[in-house]
Number of protein chains: 2
Amino acid sequence: MRISGEKFRTIWQKPNDPAIVQIIDQRRLPHEYVVQDLVTWQDGASAISDMLVRGAPLIGATAAWSLYLAAVEHKADTECRQHVLRAADVLGGTRPTAVNLIWALDRVRQVIARTAADTDLVTVLEREARAICLEDARISRGIGEHGLALIEGIASRKQGETVNILTHCNAGALATIEYGTATAPIYFAHEKGIDVHVWVDETRPRNQGSQLTAWELAENGVPHTLIVDNAGGHLMQHGMVDLCITGTDRTTRTGDVANKIGTYLKALAAHDNDVPFYVALPSTTIDWTISDGVRDIPIEERDPGEVSMIYGRSNSGLETVNTVASDTRISNFAFDVTPARLITGLITEHGICEASEDGLRGLFPDLAGTRR
Amino acid sequence: MRISGEKFRTIWQKPNDPAIVQIIDQRRLPHEYVVQDLVTWQDGASAISDMLVRGAPLIGATAAWSLYLAAVEHKADTECRQHVLRAADVLGGTRPTAVNLIWALDRVRQVIARTAADTDLVTVLEREARAICLEDARISRGIGEHGLALIEGIASRKQGETVNILTHCNAGALATIEYGTATAPIYFAHEKGIDVHVWVDETRPRNQGSQLTAWELAENGVPHTLIVDNAGGHLMQHGMVDLCITGTDRTTRTGDVANKIGTYLKALAAHDNDVPFYVALPSTTIDWTISDGVRDIPIEERDPGEVSMIYGRSNSGLETVNTVASDTRISNFAFDVTPARLITGLITEHGICEASEDGLRGLFPDLAGTRR
């Protein structure tokens, strides 16, 4: 993963000053590349709640690093441990629906509980935050390797012709530590010299496709073309898409997938045109307690301003414009559910399986039956 | 049809000065309601090419009124007829793909050919432009009446509960003379006191839904909610849509429909959820020469700037912002084709029929077999 040719991750310790953590302010992409210092744990909390960082894995990692920052701030304090645990409670409320946030905080809490009272928490929490990042990067690499085989298969059938892959939203490096989930197979294929081209759905209302996915693909030299969300069906009707890969926010044990609103429409078009439709996911997004995604996954309704207010570059600088009459009622569902019957397969860190209970149990026999 | 409570059409002669024609500058809606005078035929040509007016029927009417303006300008001139015919040639090139433009110009040319040399062309062309508008309004009313029966049926099954109708793009009053095509049944139902609510697709990239459909529904008091194009599938999965109605730019004799990009995705979702999907059309959009829409209807690719540049109201006034990195490649297909198998029925000025060759031949026995 690269930015301007330099190797990067989405969160890191400042070179020569490891007591500061750095992130990219993703709200300002692609217009500005701004690295933001996180000096206090509150900086980390704001980065999550104000969406400087987003994407479940990166949110979890940012929370873990924020607890490290709390330990740094209070390291000379006898109540250091209490300060860190109080910070964890506050961080837990920054994005209430993010699964990885709660998971990362619980993990760090357990580490603290296991740590002897006289041990330096700074070192312990630094190690833990690093471990969380390394594990996430390993998961992305696993997804990348398994998905690569899929793309290699298509490339070989196409005898070297470009493999066209459509993706929706940003399940990219920017949502994780590196490589992403849906994008990992694409980066792996590109690094291996396979001729891939990505159709990037704009992804209204927040435009994560045009603002984040297009940006990170460009930084890594992966050929891509931006399209409006309306266009994918036409492209598939005309043989211009070989493969769809999206991410998922939550996966039922039966393989239904809740992902960014509009994913379902692309899956329908893929199904109607015999285009393989894959979903890439770390096993942490599987909710083993739910069997019917459409019925049982609650869909968040978000701020109407996400639909009406558009951020971009005008002649006078970066600005937000309102595209809608002020009294227009707006509804803004953030996710939809794609039933397993429309999904060709799930790409996980353990391999690829059918989108079904049997498929997931086969890959994750130890997790199946657990509550997540 | 009303604006601020006043009855309106989309093109009319200026009160007390019939030598001037007036239109609404639709590019500025919903932010500003600006009436534009057309004084010369060149004003009419610019209004079409610069898209102050859009929608096939309104483009045709504007062309006819522009020829009237040419006649007014040259009425004292012995070469008046030549001036008008030259204006017709130029007008023919303002939007090369608009079927109704060519149709309206040919119709006026034929009228001129039938008119004796010493007859006042101003009167003749004024009458013809008015006739074109009246006929279009009659077609919309026909579609409205036939579609009303559909909505009444749903309302009666729902026993007075709100009937939720989803539409895509603007096949509304603003695209025609009044009432529109897809919106005509909705206005008729609303005027009859049926409790209708419209889900308005934003319609990227040009936002005709948020900027035009939402505006005209609001002006006429029809309850509606704006959604992003990605949302319709989720709404249909959850029983929140009773009926979809869209327009069409071109309909094959077999009932395939070319309409604004993204229509196909909504038809797939309707089909997957047993939601009736109707297309409203004047018979003039039927292309009797084509049987396979996906194969045979060429799809126009338009300016990438339509995707990247967004117009709206900022703190400092009306502005355009660029939402995309400047070097991003963009593809912008304007239409897609919805196969007849996904369409529940076609609503025409002659009645409702199955989306099939038999269905269309049954309603239009005289047209079937003709070249349009």
# chains A, B, ... in the order shown; residues from 1 in each chain; ligands from 1
$ select_by_dssp --residues "segment 5-176 of chain A" --states "strand (DSSP E or B)" --output "list in words"
Glu6, Lys7, Ile11, Trp12, Gln13, Lys14, Asp17, Pro18, Ala19, Ile20, Val21, Gln22, Ile23, Ile24, Val35, Gln36, Asp37, Leu38, Val163, Asn164, Ile165, Leu166 and Thr167 of chain A
$ residues_around --residues "Asn230 of chain A" --least-positions-apart "4" --cutoff "8 Å" --atoms "only C-alpha atoms" --output "MDAnalysis selection string"
chainID B and resid 203:204 229:230 261:263 265
$ interface_residues --of "chain B" --to "chain A" --cutoff "6 Å" --atoms "only C-alpha atoms" --output "PyMOL selection string"
chain B and resi 30+225-227+230+234+261-262+265+312-314+321-323+325+329-331+336
$ select_by_dssp --residues "segment 187-349 of chain B" --states "alpha helix (DSSP H)" --output "ChimeraX atom specification"
/B:187-191,208,214-219,232-237,263-272,293-296,305-308
$ write_last_selection --atoms "C-alpha atoms" --output "PDB file, in the first residue's frame"
ATOM      1  CA  TYR B 187     -51.216  14.076  -9.934  1.00  0.00           C
ATOM      2  CA  PHE B 188     -54.577  12.651 -10.990  1.00  0.00           C
ATOM      3  CA  ALA B 189     -54.708  10.445  -7.886  1.00  0.00           C
ATOM      4  CA  HIS B 190     -53.688  13.352  -5.645  1.00  0.00           C
ATOM      5  CA  GLU B 191     -56.310  15.623  -7.214  1.00  0.00           C
ATOM      6  CA  GLN B 208     -33.376  15.515 -11.951  1.00  0.00           C
ATOM      7  CA  ALA B 214     -39.195  17.054  -5.823  1.00  0.00           C
ATOM      8  CA  TRP B 215     -39.778  20.672  -6.801  1.00  0.00           C
ATOM      9  CA  GLU B 216     -42.847  20.106  -8.957  1.00  0.00           C
ATOM     10  CA  LEU B 217     -44.405  17.674  -6.476  1.00  0.00           C
ATOM     11  CA  ALA B 218     -43.890  20.248  -3.713  1.00  0.00           C
ATOM     12  CA  GLU B 219     -45.461  23.025  -5.803  1.00  0.00           C
ATOM     13  CA  GLY B 232     -35.096   1.805  -3.545  1.00  0.00           C
ATOM     14  CA  GLY B 233     -34.156  -1.858  -3.158  1.00  0.00           C
ATOM     15  CA  HIS B 234     -34.175  -1.615   0.627  1.00  0.00           C
ATOM     16  CA  LEU B 235     -37.563   0.141   0.590  1.00  0.00           C
ATOM     17  CA  MET B 236     -39.051  -2.544  -1.641  1.00  0.00           C
ATOM     18  CA  GLN B 237     -37.654  -5.365   0.534  1.00  0.00           C
ATOM     19  CA  THR B 263     -34.112   2.437 -14.135  1.00  0.00           C
ATOM     20  CA  TYR B 264     -33.083  -1.187 -14.805  1.00  0.00           C
ATOM     21  CA  LEU B 265     -31.819  -1.591 -11.208  1.00  0.00           C
ATOM     22  CA  LYS B 266     -35.156  -0.438  -9.786  1.00  0.00           C
ATOM     23  CA  ALA B 267     -37.032  -2.783 -12.121  1.00  0.00           C
ATOM     24  CA  LEU B 268     -34.879  -5.693 -10.880  1.00  0.00           C
ATOM     25  CA  ALA B 269     -35.662  -4.809  -7.269  1.00  0.00           C
ATOM     26  CA  ALA B 270     -39.376  -4.474  -8.034  1.00  0.00           C
ATOM     27  CA  HIS B 271     -39.355  -7.873  -9.736  1.00  0.00           C
ATOM     28  CA  ASP B 272     -37.475  -9.468  -6.812  1.00  0.00           C
ATOM     29  CA  GLY B 293     -33.557  -2.982 -26.580  1.00  0.00           C
ATOM     30  CA  VAL B 294     -30.392  -4.141 -24.807  1.00  0.00           C
ATOM     31  CA  ARG B 295     -28.804  -5.131 -28.112  1.00  0.00           C
ATOM     32  CA  ASP B 296     -30.093  -2.430 -30.426  1.00  0.00           C
ATOM     33  CA  GLY B 305     -18.394  16.750 -15.649  1.00  0.00           C
ATOM     34  CA  GLU B 306     -22.027  15.784 -15.030  1.00  0.00           C
ATOM     35  CA  VAL B 307     -20.714  13.275 -12.466  1.00  0.00           C
ATOM     36  CA  SER B 308     -17.974  15.333 -10.845  1.00  0.00           C
TER      37      SER B 308
END
$ residues_around --residues "segment 143-146 of chain A" --least-positions-apart "6" --cutoff "8 Å" --atoms "only C-alpha atoms" --output "PyMOL selection string"
chain A and resi 179+181+183-188+280-282+347-352
$ residues_around --residues "Gly60 of chain B" --least-positions-apart "4" --cutoff "6 Å" --atoms "only C-alpha atoms" --output "VMD selection string"
chain B and resid 100 to 101 104
$ write_last_selection --atoms "N, CA, C and O atoms" --output "compact mmCIF listing (two decimals), in the first residue's frame"
# COMPACT_ATOMS: atom_id res chain seq x y z
N ASN B 100 -38.59 13.96 -30.33
CA ASN B 100 -39.69 14.91 -30.48
C ASN B 100 -39.26 16.22 -31.15
O ASN B 100 -40.09 16.92 -31.72
N LEU B 101 -37.98 16.54 -31.05
CA LEU B 101 -37.48 17.74 -31.70
C LEU B 101 -37.65 17.62 -33.21
O LEU B 101 -38.23 18.50 -33.87
N ALA B 104 -41.39 17.52 -34.19
CA ALA B 104 -42.09 18.81 -34.15
C ALA B 104 -41.67 19.69 -35.33
O ALA B 104 -42.50 20.35 -35.96
$ residues_around --residues "Ala171 of chain A" --least-positions-apart "6" --cutoff "6 Å" --atoms "only C-alpha atoms" --output "NGL selection string"
:A and (180-182 or 247)
$ residues_around --residues "segment 75-87 of chain A" --least-positions-apart "3" --cutoff "10 Å" --atoms "only C-alpha atoms" --output "PyMOL selection string"
chain A and resi 41-42+45+63+66-72+90-92+105+108-109+112-113+117-118+120-122+125
$ residues_around --residues "segment 286-290 of chain B" --least-positions-apart "6" --cutoff "10 Å" --atoms "only C-alpha atoms" --output "NGL selection string"
:B and (248-257 or 296-297 or 357 or 360-361 or 367-372)
